[in-house]
Structures are given as structure tokens and as C-alpha cells.
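Raw contents of query-v9.tsv, TSV, C-alpha atoms:
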chain	number	residue	atom	x	y	z
L	803	MET	CA	37.60	46.27	-42.07
L	804	ASN	CA	35.49	49.07	-40.68
L	805	ARG	CA	32.42	46.83	-40.64
L	806	LEU	CA	34.34	44.07	-38.88
L	807	GLU	CA	35.66	46.47	-36.29
L	808	THR	CA	32.18	47.85	-35.78
L	809	SER	CA	30.76	44.32	-35.28
L	810	LEU	CA	33.49	43.42	-32.84
L	811	ASP	CA	32.89	46.62	-30.89
L	812	THR	CA	29.16	45.91	-30.78
L	813	LEU	CA	29.77	42.31	-29.62
L	814	LEU	CA	32.22	43.47	-26.97
L	815	GLU	CA	29.74	46.06	-25.76
L	816	VAL	CA	26.99	43.42	-25.50
L	817	VAL	CA	29.32	41.04	-23.64
L	818	LEU	CA	30.36	43.79	-21.25
L	819	LEU	CA	26.72	44.61	-20.63
L	820	LYS	CA	25.94	40.96	-19.95
L	821	VAL	CA	28.94	40.34	-17.67
L	822	PRO	CA	27.15	41.43	-14.47
L	823	SER	CA	24.11	39.21	-15.21
L	824	ILE	CA	26.37	36.29	-16.16
L	825	ILE	CA	28.34	36.65	-12.95
L	826	THR	CA	25.10	36.94	-10.99
L	827	GLY	CA	23.77	33.83	-12.71
L	828	ILE	CA	26.94	31.87	-11.86
L	829	ILE	CA	26.71	32.96	-8.24
L	830	ILE	CA	23.04	31.95	-8.11
L	831	LEU	CA	23.95	28.59	-9.67
L	832	ILE	CA	26.64	27.90	-7.07
L	833	ILE	CA	24.56	29.04	-4.11
L	834	GLY	CA	21.44	27.33	-5.48
L	835	SER	CA	23.27	24.01	-5.90
L	836	TYR	CA	24.32	24.06	-2.26
L	837	LEU	CA	20.81	25.10	-1.24
L	838	VAL	CA	19.23	22.25	-3.24
L	839	LYS	CA	21.59	19.70	-1.67
L	840	PHE	CA	20.85	21.12	1.78
L	841	LEU	CA	17.07	20.88	1.24
L	842	LEU	CA	17.32	17.34	-0.12
L	843	ASN	CA	19.43	16.21	2.84
L	844	LEU	CA	17.02	17.92	5.24
L	845	ILE	CA	14.00	16.19	3.69
L	846	SER	CA	15.84	12.86	3.66
L	847	ARG	CA	16.63	13.15	7.38
L	848	ARG	CA	12.99	13.98	8.10
L	849	PHE	CA	11.95	10.84	6.21
L	850	GLU	CA	14.38	8.77	8.27
L	851	LYS	CA	13.08	10.17	11.56
L	852	ARG	CA	9.51	9.41	10.54
L	853	HIS	CA	10.52	5.92	9.31
L	854	VAL	CA	9.09	6.52	5.85
L	855	ASP	CA	9.22	3.42	3.67
L	856	LEU	CA	12.40	3.20	1.54
L	857	SER	CA	10.49	2.78	-1.72
L	858	ILE	CA	8.43	5.92	-1.04
L	859	ARG	CA	11.51	7.80	0.14
L	860	GLY	CA	13.51	7.08	-3.02
L	861	PHE	CA	10.60	7.90	-5.31
L	862	VAL	CA	9.79	11.24	-3.65
L	863	MET	CA	13.45	12.27	-3.41
L	864	SER	CA	14.03	11.62	-7.12
L	865	ILE	CA	11.03	13.78	-8.05
L	866	LEU	CA	12.09	16.59	-5.71
L	867	ARG	CA	15.63	16.51	-7.09
L	868	VAL	CA	14.36	16.98	-10.66
L	869	VAL	CA	11.94	19.74	-9.65
L	870	PHE	CA	14.52	21.68	-7.58
L	871	TYR	CA	17.22	21.59	-10.27
L	872	ALA	CA	14.72	22.51	-12.99
L	873	LEU	CA	13.66	25.58	-10.98
L	874	LEU	CA	17.31	26.48	-10.39
L	875	PHE	CA	18.10	26.18	-14.11
L	876	LEU	CA	15.16	28.42	-15.07
L	877	THR	CA	16.16	30.99	-12.43
L	878	VAL	CA	19.77	31.11	-13.65
L	879	ALA	CA	18.70	31.35	-17.30
L	880	SER	CA	16.28	34.18	-16.53
L	881	THR	CA	18.95	36.04	-14.54
L	882	MET	CA	21.38	35.81	-17.46
L	883	GLY	CA	18.79	37.33	-19.77
L	884	ILE	CA	17.93	34.11	-21.61
L	885	GLN	CA	14.29	34.02	-22.68
L	886	THR	CA	12.74	31.02	-20.93
L	887	THR	CA	9.22	31.48	-22.32
L	888	SER	CA	9.90	29.59	-25.53
L	889	PHE	CA	11.81	26.92	-23.61
L	890	ILE	CA	8.89	26.39	-21.23
L	891	ALA	CA	6.45	26.27	-24.15
L	892	ALA	CA	8.53	23.64	-25.95
L	893	LEU	CA	8.87	21.63	-22.76
L	894	SER	CA	5.10	21.79	-22.22
L	895	ALA	CA	4.42	20.62	-25.77
L	896	PHE	CA	6.86	17.76	-25.34
L	897	GLY	CA	5.24	16.80	-22.03
L	898	LEU	CA	1.77	16.83	-23.64
L	899	ALA	CA	2.90	14.64	-26.53
L	900	ALA	CA	4.66	12.22	-24.19
L	901	GLY	CA	1.61	12.09	-21.95
L	902	LEU	CA	-0.71	11.22	-24.85
L	903	ALA	CA	1.68	8.53	-26.06
L	904	LEU	CA	2.12	7.00	-22.61
L	905	GLN	CA	-1.40	7.12	-21.18
L	906	GLY	CA	-1.27	3.53	-19.94
L	907	SER	CA	2.13	3.99	-18.33
L	908	LEU	CA	1.02	7.24	-16.70
L	909	SER	CA	-2.02	5.44	-15.30
L	910	ASN	CA	0.27	2.77	-13.85
L	911	PHE	CA	2.57	5.50	-12.55
L	912	ALA	CA	-0.31	7.23	-10.77
L	913	GLY	CA	-1.47	3.86	-9.41
L	914	GLY	CA	2.04	3.18	-8.09
L	915	VAL	CA	2.07	6.54	-6.33
L	916	LEU	CA	-1.29	5.79	-4.67
L	917	ILE	CA	-0.15	2.32	-3.58
L	918	LEU	CA	3.09	3.70	-2.14
L	919	LEU	CA	1.28	6.50	-0.32
L	920	PHE	CA	-1.76	4.67	1.09
L	921	ARG	CA	-0.09	1.24	1.54
L	922	PRO	CA	-3.04	-1.16	1.05
L	923	PHE	CA	-0.36	-3.87	1.03
L	924	GLU	CA	3.38	-4.13	1.61
L	925	VAL	CA	6.21	-6.40	0.57
L	926	GLY	CA	5.62	-9.84	2.11
L	927	ASP	CA	1.83	-9.50	2.35
L	928	TYR	CA	-0.48	-12.07	0.78
L	929	MET	CA	-3.24	-10.25	-1.11
L	930	SER	CA	-5.81	-10.68	-3.83
L	931	SER	CA	-7.81	-8.25	-5.95
L	932	ASN	CA	-11.00	-8.45	-7.99
L	933	ASN	CA	-9.01	-8.12	-11.24
L	934	GLY	CA	-7.73	-11.68	-10.75
L	935	THR	CA	-4.39	-10.84	-9.13
L	936	SER	CA	-3.37	-12.80	-6.04
L	937	GLY	CA	-0.15	-13.87	-4.35
L	938	THR	CA	2.60	-12.78	-1.98
L	939	VAL	CA	3.96	-9.30	-2.74
L	940	GLU	CA	7.61	-9.56	-3.73
L	941	ARG	CA	8.27	-6.03	-4.97
L	942	ILE	CA	6.39	-2.75	-5.43
L	943	ASP	CA	7.69	-0.63	-8.30
L	944	ILE	CA	6.33	2.58	-9.78
L	945	LEU	CA	4.67	0.90	-12.77
L	946	TYR	CA	4.23	-2.74	-11.69
L	947	THR	CA	3.77	-4.81	-8.55
L	948	THR	CA	5.48	-8.21	-8.56
L	949	LEU	CA	3.67	-11.11	-6.85
L	950	ILE	CA	4.49	-14.75	-6.26
L	951	SER	CA	1.32	-16.81	-6.75
L	952	GLY	CA	0.39	-19.87	-4.72
L	953	ASP	CA	1.88	-22.20	-7.35
L	954	GLY	CA	5.18	-20.30	-7.45
L	955	VAL	CA	4.56	-18.26	-10.62
L	956	ARG	CA	5.89	-14.69	-10.67
L	957	VAL	CA	3.06	-12.31	-11.62
L	958	PHE	CA	3.59	-8.70	-12.79
L	959	SER	CA	0.45	-6.69	-12.11
L	960	PRO	CA	0.06	-3.14	-13.54
L	961	ASN	CA	-0.39	-0.64	-10.74
L	962	GLY	CA	-3.16	1.31	-12.49
L	963	PRO	CA	-5.82	-1.44	-12.49
L	964	LEU	CA	-4.49	-2.76	-9.18
L	965	ALA	CA	-4.93	0.59	-7.41
L	966	ASN	CA	-8.51	0.88	-8.71
L	967	SER	CA	-9.56	-2.64	-7.69
L	968	VAL	CA	-10.94	-4.07	-4.47
L	969	ILE	CA	-7.96	-5.47	-2.55
L	970	GLN	CA	-8.12	-8.18	0.10
L	971	ASN	CA	-5.06	-8.24	2.36
L	972	PHE	CA	-4.82	-11.55	4.22
L	973	THR	CA	-1.68	-10.58	6.14
L	974	LYS	CA	-3.03	-7.50	7.92
L	975	ILE	CA	-5.28	-9.65	10.12
L	976	THR	CA	-4.77	-11.74	13.24
L	977	ASN	CA	-7.58	-14.30	12.92
L	978	ARG	CA	-9.37	-15.83	9.96
L	979	ARG	CA	-12.61	-17.80	9.60
L	980	PHE	CA	-13.07	-21.00	7.63
L	981	GLU	CA	-16.48	-22.23	6.54
L	982	TYR	CA	-17.94	-25.48	5.18
L	983	THR	CA	-21.35	-26.53	3.96
L	984	VAL	CA	-22.11	-30.19	4.72
L	985	GLY	CA	-25.27	-31.98	3.67
L	986	ILE	CA	-26.70	-34.74	5.86
L	987	SER	CA	-29.52	-37.15	5.15
L	988	TYR	CA	-33.11	-36.17	5.97
L	989	ASP	CA	-33.23	-39.28	8.16
L	990	ALA	CA	-30.27	-38.09	10.27
L	991	ASN	CA	-30.67	-36.41	13.66
L	992	ILE	CA	-29.69	-32.76	13.18
L	993	LYS	CA	-28.82	-32.22	16.86
L	994	GLU	CA	-26.62	-35.31	16.91
L	995	ALA	CA	-24.82	-34.25	13.72
L	996	ARG	CA	-24.28	-30.78	15.14
L	997	GLU	CA	-22.83	-32.20	18.37
L	998	ILE	CA	-20.44	-34.50	16.47
L	999	ILE	CA	-19.16	-31.63	14.33
L	1000	MET	CA	-18.75	-29.32	17.33
L	1001	ASN	CA	-16.79	-32.02	19.21
L	1002	VAL	CA	-14.40	-32.40	16.26
L	1003	LEU	CA	-13.73	-28.67	16.11
L	1004	HIS	CA	-13.44	-28.20	19.89
L	1005	ALA	CA	-10.87	-31.01	20.00
L	1006	ASP	CA	-8.59	-29.06	17.65
L	1007	PRO	CA	-6.41	-26.62	19.68
L	1008	ARG	CA	-5.99	-24.45	16.58
L	1009	VAL	CA	-9.70	-23.59	16.58
L	1010	LEU	CA	-10.33	-20.49	18.70
L	1011	LYS	CA	-12.90	-20.45	21.49
L	1012	THR	CA	-13.82	-16.87	20.68
L	1013	PRO	CA	-15.57	-16.25	18.33
L	1014	ALA	CA	-17.49	-19.44	19.09
L	1015	VAL	CA	-17.88	-22.29	16.64
L	1016	GLU	CA	-21.18	-22.16	14.71
L	1017	VAL	CA	-23.10	-25.08	13.21
L	1018	PHE	CA	-26.60	-24.32	11.89
L	1019	VAL	CA	-29.06	-25.37	9.20
L	1020	LYS	CA	-28.50	-23.21	6.15
L	1021	GLY	CA	-31.14	-24.72	3.92
L	1022	LEU	CA	-33.20	-27.75	2.97
L	1023	GLY	CA	-31.87	-29.12	-0.29
L	1024	ASP	CA	-33.41	-31.58	-2.74
L	1025	SER	CA	-31.64	-34.55	-1.19
L	1026	SER	CA	-30.02	-33.26	2.02
L	1027	VAL	CA	-30.26	-30.96	5.02
L	1028	ASN	CA	-27.42	-28.47	4.49
L	1029	LEU	CA	-25.43	-27.49	7.58
L	1030	THR	CA	-23.12	-24.47	7.60
L	1031	ILE	CA	-20.02	-24.81	9.79
L	1032	ARG	CA	-17.99	-21.77	10.83
L	1033	ALA	CA	-14.90	-21.61	13.01
L	1034	TRP	CA	-11.99	-19.22	13.58
L	1035	THR	CA	-8.24	-19.80	13.74
L	1036	LYS	CA	-5.12	-17.68	13.82
L	1037	LYS	CA	-4.12	-16.67	10.31
L	1038	GLU	CA	-1.00	-18.87	10.32
L	1039	ASP	CA	-3.14	-21.93	11.20
L	1040	PHE	CA	-5.86	-21.26	8.64
L	1041	TRP	CA	-4.97	-23.68	5.85
L	1042	PRO	CA	-3.92	-26.66	8.03
L	1043	ALA	CA	-7.00	-26.30	10.24
L	1044	ASN	CA	-9.29	-25.74	7.26
L	1045	ASN	CA	-8.09	-28.80	5.35
L	1046	GLU	CA	-7.66	-31.25	8.24
L	1047	ASN	CA	-10.93	-30.49	10.00
L	1048	GLN	CA	-12.93	-31.01	6.84
L	1049	GLU	CA	-11.55	-34.54	6.61
L	1050	ALA	CA	-12.03	-35.13	10.37
L	1051	ILE	CA	-15.70	-34.09	10.17
L	1052	LYS	CA	-16.35	-36.53	7.32
L	1053	ILE	CA	-14.70	-39.39	9.23
L	1054	ALA	CA	-16.61	-38.58	12.44
L	1055	LEU	CA	-19.96	-38.47	10.63
L	1056	ASP	CA	-19.23	-41.81	8.95
L	1057	LYS	CA	-18.36	-43.43	12.30
L	1058	ASN	CA	-21.72	-42.37	13.68
L	1059	ASN	CA	-23.62	-43.60	10.62
L	1060	ILE	CA	-24.65	-40.13	9.53
L	1061	SER	CA	-24.53	-40.21	5.76
L	1062	ILE	CA	-23.71	-37.35	3.45
L	1063	PRO	CA	-26.05	-37.95	0.50
L	1064	TYR	CA	-25.30	-37.03	-3.08
L	1065	PRO	CA	-27.85	-35.73	-5.60
L	1066	GLN	CA	-30.12	-38.52	-6.81
L	1067	THR	CA	-32.73	-38.84	-9.51
L	1068	GLU	CA	-35.50	-41.42	-9.01
L	1069	MET	CA	-36.83	-42.98	-12.21
L	1070	ARG	CA	-40.08	-44.95	-12.57
L	1071	ILE	CA	-41.17	-46.96	-15.59
L	1072	ILE	CA	-44.94	-46.89	-16.14
L	1073	SER	CA	-46.33	-49.62	-18.35
L	1074	ASP	CA	-49.20	-48.81	-20.68
L	1075	PRO	CA	-52.05	-51.36	-20.03
L	1076	ASN	CA	-53.21	-50.97	-23.65
L	1077	GLY	CA	-49.92	-52.33	-24.96
L	1078	GLY	CA	-48.46	-48.96	-25.90
L	1079	GLN	CA	-44.94	-47.73	-25.26
L	1080	ASP	CA	-43.80	-47.63	-21.65
L	1081	ARG	CA	-43.17	-44.17	-20.12
L	1082	ILE	CA	-40.26	-43.09	-17.92
L	1083	MET	CA	-40.93	-40.56	-15.17
L	1084	LYS	CA	-38.23	-38.78	-13.16
L	1085	SER	CA	-38.65	-37.46	-9.64
I'd like the structure from this file rewritten - as C-alpha cells, please.
Amino acid sequence: MNRLETSLDTLLEVVLLKVPSIITGIIILIIGSYLVKFLLNLISRRFEKRHVDLSIRGFVMSILRVVFYALLFLTVASTMGIQTTSFIAALSAFGLAAGLALQGSLSNFAGGVLILLFRPFEVGDYMSSNNGTSGTVERIDILYTTLISGDGVRVFSPNGPLANSVIQNFTKITNRRFEYTVGISYDANIKEAREIIMNVLHADPRVLKTPAVEVFVKGLGDSSVNLTIRAWTKKEDFWPANNENQEAIKIALDKNNISIPYPQTEMRIISDPNGGQDRIMKS
């Protein structure tokens, strides 16, 4: 009995000694909770005033909420006399192990943060990258970006490789250039062919006057004189103008008897006067 009474007295003494720190910790917890909510609301209002994107806003606010409450918990625990060193060490070890196990996901996470911060593309943009990803952006998440390809397939692209690739954004432009290479016969008049092509393009109201249409000799091929054709349209007119003018140029050249030759191989059979086997020569 004496030992039990002694233990109870010791426990009561320890509790009485800890009461002030416990009360202080509870007060800090209550005040800190209100302070955290106040700071989060303040930051949220600042985001709204600056018209920060909703996806970035939600991501940053969730991180700040975790960080603020973790700091509050450590402060309260330290005030109550709880040793937080071992807790922090265990948490660090857990974080290291999780990081090693989730290297790919962490890379995608970091890529998502970069995409959300620097905004090389947004939802609704049509983009392509040198890792083979292309399509209209449907959704930007922390780990993956969802695209709708030109043939209607939903593509999930990891943010890590996407953030480290060369990105072409076709929506963040006003005008776009289309280009053809057309080969004409060596017998054709280059100036006449150029004039016919320019007339076709100038007759299309979708083709812009500035920058000017260009038609020039790009090279002398094996069987044709190769003309490069360049013209500009507004981005929304690009595909119709690109496809329809290519057909119109072919029809106009045909009407004016300017042929578009295809690769040819000329073969000659040489007879042996001594009665041997004939030879075939290509040119």
C-alpha cells in the first residue's frame, strides 16, 4: 500500500507540474487554429484579387494548410513538454523512404507544379511536345495532364516528362503559316507557275495580305523544279485554308498545262553486237 500511495503521489505531483504547460498548450492550440484559418482566408482572398488560376489556388492552399497545422502541432507538443525530436526524426525517415519509393511520382508532381506555375499551356489549348504528346488540353492535374487527341482519344501524359520537353502551343498565337512544296516540270515557265499560284492564294480571303505570300524556287530536283509556297492565315482558318488551297493550286496548274512530274527512271537496253547478253542501263 505504501508503494502504491507513493506512486500515486508522484504521478499527481507530475500532473500538477504539467498542468500549466498543458493549459498553455491548449490555449496555443485554440489561438493557433484561429490564426491558421485567418491566414488561409487572407491568402485565399489575395489569390482571388490577383485572379490566380483555380487549379494553382487549390494546390497551394492544400500545401499551406498541411504546413501550418503541422507547425501548430509541433509547437503545442513542445509547449506541453513532449519531445518532438524523435517524432521529427521518424517523420524524416518516413519521408525519405516514401521519396525513394515514389521517385517517378515525385518527378511528375514537380512537373505539375512547374506547369501550374509557369503556364506553358492551359485548359482548352491545343499543344504538342517532342515526347510525342499532342492534343487539346482537357485537364491539368498534379501528376498527369489529360489531352484529347485529334482523333478523339483521351491521352494521359505524365507531367514530369511533359514539363521537361519542348512544348508547342498552337492556341497562344493569332496567325499561323502553311507551307507546300510543289514540283513543276523543267519545261514549265517558272514565272507563269508562280503567278498562277499567287493568284489562287490572293483569291482566298482567308489568306492574309501581311505577311505577304511567298513562292520561290527551293531546289532543282532530279525530275522537277521544286517551288516552296508560304502563306499566312488566322489560326482558326489554318486547316481549311491549308487543305483547300493545296487542291486549288493543283487544279489551277492542270488548267494551264503545267505538269507536276513524278520521279521517273529511264531504262535503255543496249544490244551486244557480238551476240552476247543485252545490257540494261538506268538513268
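The coordinates place atom CA of Ser1025 of chain L at 28.6 Å from atom CA of His1004 of chain L.
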Quiz item: What is the distance between atom CA of Asn991 of chain L and atom CA of Ala1014 of chain L, in Å to one decimal?
Solution: 22.2 Å
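Within 12 Å of the point (-8.8, -29.4, 6.4), counting all atoms listed in the file, the protein and nucleic acid residues come to Phe980, Glu981, Tyr982, Val1002, Leu1003, Asp1006, Arg1008, Val1009, Ala1033, Asp1039, Phe1040, Trp1041, Pro1042, Ala1043, Asn1044, Asn1045, Glu1046, Asn1047, Gln1048, Glu1049, Ala1050, Ile1051, Lys1052 and Ile1053 of chain L.
Atom to atom, atom CA of Ser959 of chain L and atom CA of Gly926 of chain L stand 15.5 Å apart.
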Exercise. Write out as number ranges by chain the residues lying within 9 Å of segment 955-958 of chain L, counting only C-alpha atoms and excluding same-chain residues fewer than 5 positions away.
Key: L: 935-937, 940, 946-950
Near Gln970 of chain L, within 12 Å and counting all atoms listed in the file, which residues show up once chain neighbours fewer than 4 positions away are dropped, as a PDB file with C-alpha atoms, keeping the file's coordinate frame?
ATOM      1  CA  PRO L 922      -3.040  -1.160   1.050  1.00  0.00           C
ATOM      2  CA  PHE L 923      -0.360  -3.870   1.030  1.00  0.00           C
ATOM      3  CA  ASP L 927       1.830  -9.500   2.350  1.00  0.00           C
ATOM      4  CA  TYR L 928      -0.480 -12.070   0.780  1.00  0.00           C
ATOM      5  CA  MET L 929      -3.240 -10.250  -1.110  1.00  0.00           C
ATOM      6  CA  SER L 930      -5.810 -10.680  -3.830  1.00  0.00           C
ATOM      7  CA  SER L 931      -7.810  -8.250  -5.950  1.00  0.00           C
ATOM      8  CA  ASN L 932     -11.000  -8.450  -7.990  1.00  0.00           C
ATOM      9  CA  ASN L 933      -9.010  -8.120 -11.240  1.00  0.00           C
ATOM     10  CA  GLY L 934      -7.730 -11.680 -10.750  1.00  0.00           C
ATOM     11  CA  THR L 935      -4.390 -10.840  -9.130  1.00  0.00           C
ATOM     12  CA  SER L 936      -3.370 -12.800  -6.040  1.00  0.00           C
ATOM     13  CA  GLY L 937      -0.150 -13.870  -4.350  1.00  0.00           C
ATOM     14  CA  THR L 938       2.600 -12.780  -1.980  1.00  0.00           C
ATOM     15  CA  LEU L 964      -4.490  -2.760  -9.180  1.00  0.00           C
ATOM     16  CA  ALA L 965      -4.930   0.590  -7.410  1.00  0.00           C
ATOM     17  CA  LYS L 974      -3.030  -7.500   7.920  1.00  0.00           C
ATOM     18  CA  ILE L 975      -5.280  -9.650  10.120  1.00  0.00           C
TER      19      ILE L 975
END
Exercise. For each of L:Val984, L:Ile917, L:Leu876, L:Val968, take the minimum atom-to-atom distance to Phe1018 of chain L, counting all atoms listed in the file, then give the residue where this is smallest.
Key: L:Val984
Edge lengths and centre in Å, axis-aligned, segment 921-940 of chain L plus 3 Å each side, as lines of an AutoDock Vina configuration file:
center_x = -1.7
center_y = -6.3
center_z = -4.4
size_x = 24.6
size_y = 21.1
size_z = 19.6
Exercise. Choose the residue, out of L:Ala912, L:Val1017, L:Tyr871, L:Gly962, that has the smallest atom-to-atom separation from Glu994 of chain L; count all atoms listed in the file.
Key: L:Val1017
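Each of L:Arg921, L:Arg867, L:Ile824, L:Leu1029 was checked against Ile969 of chain L using all atoms listed in the file; the smallest atom-to-atom distance is that of L:Arg921.
Closest approach to Val878 of chain L among L:Ile830, L:Leu918, L:Met863, L:Leu837: L:Ile830, based on all atoms listed in the file.
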Quiz prompt | Spatial neighbours of Phe875 of chain L, 10 Å, only C-alpha atoms, chain gap at least 5 places, as a ChimeraX atom specification | solution = /L:827,830-831,834-835,869-870,880-881,886
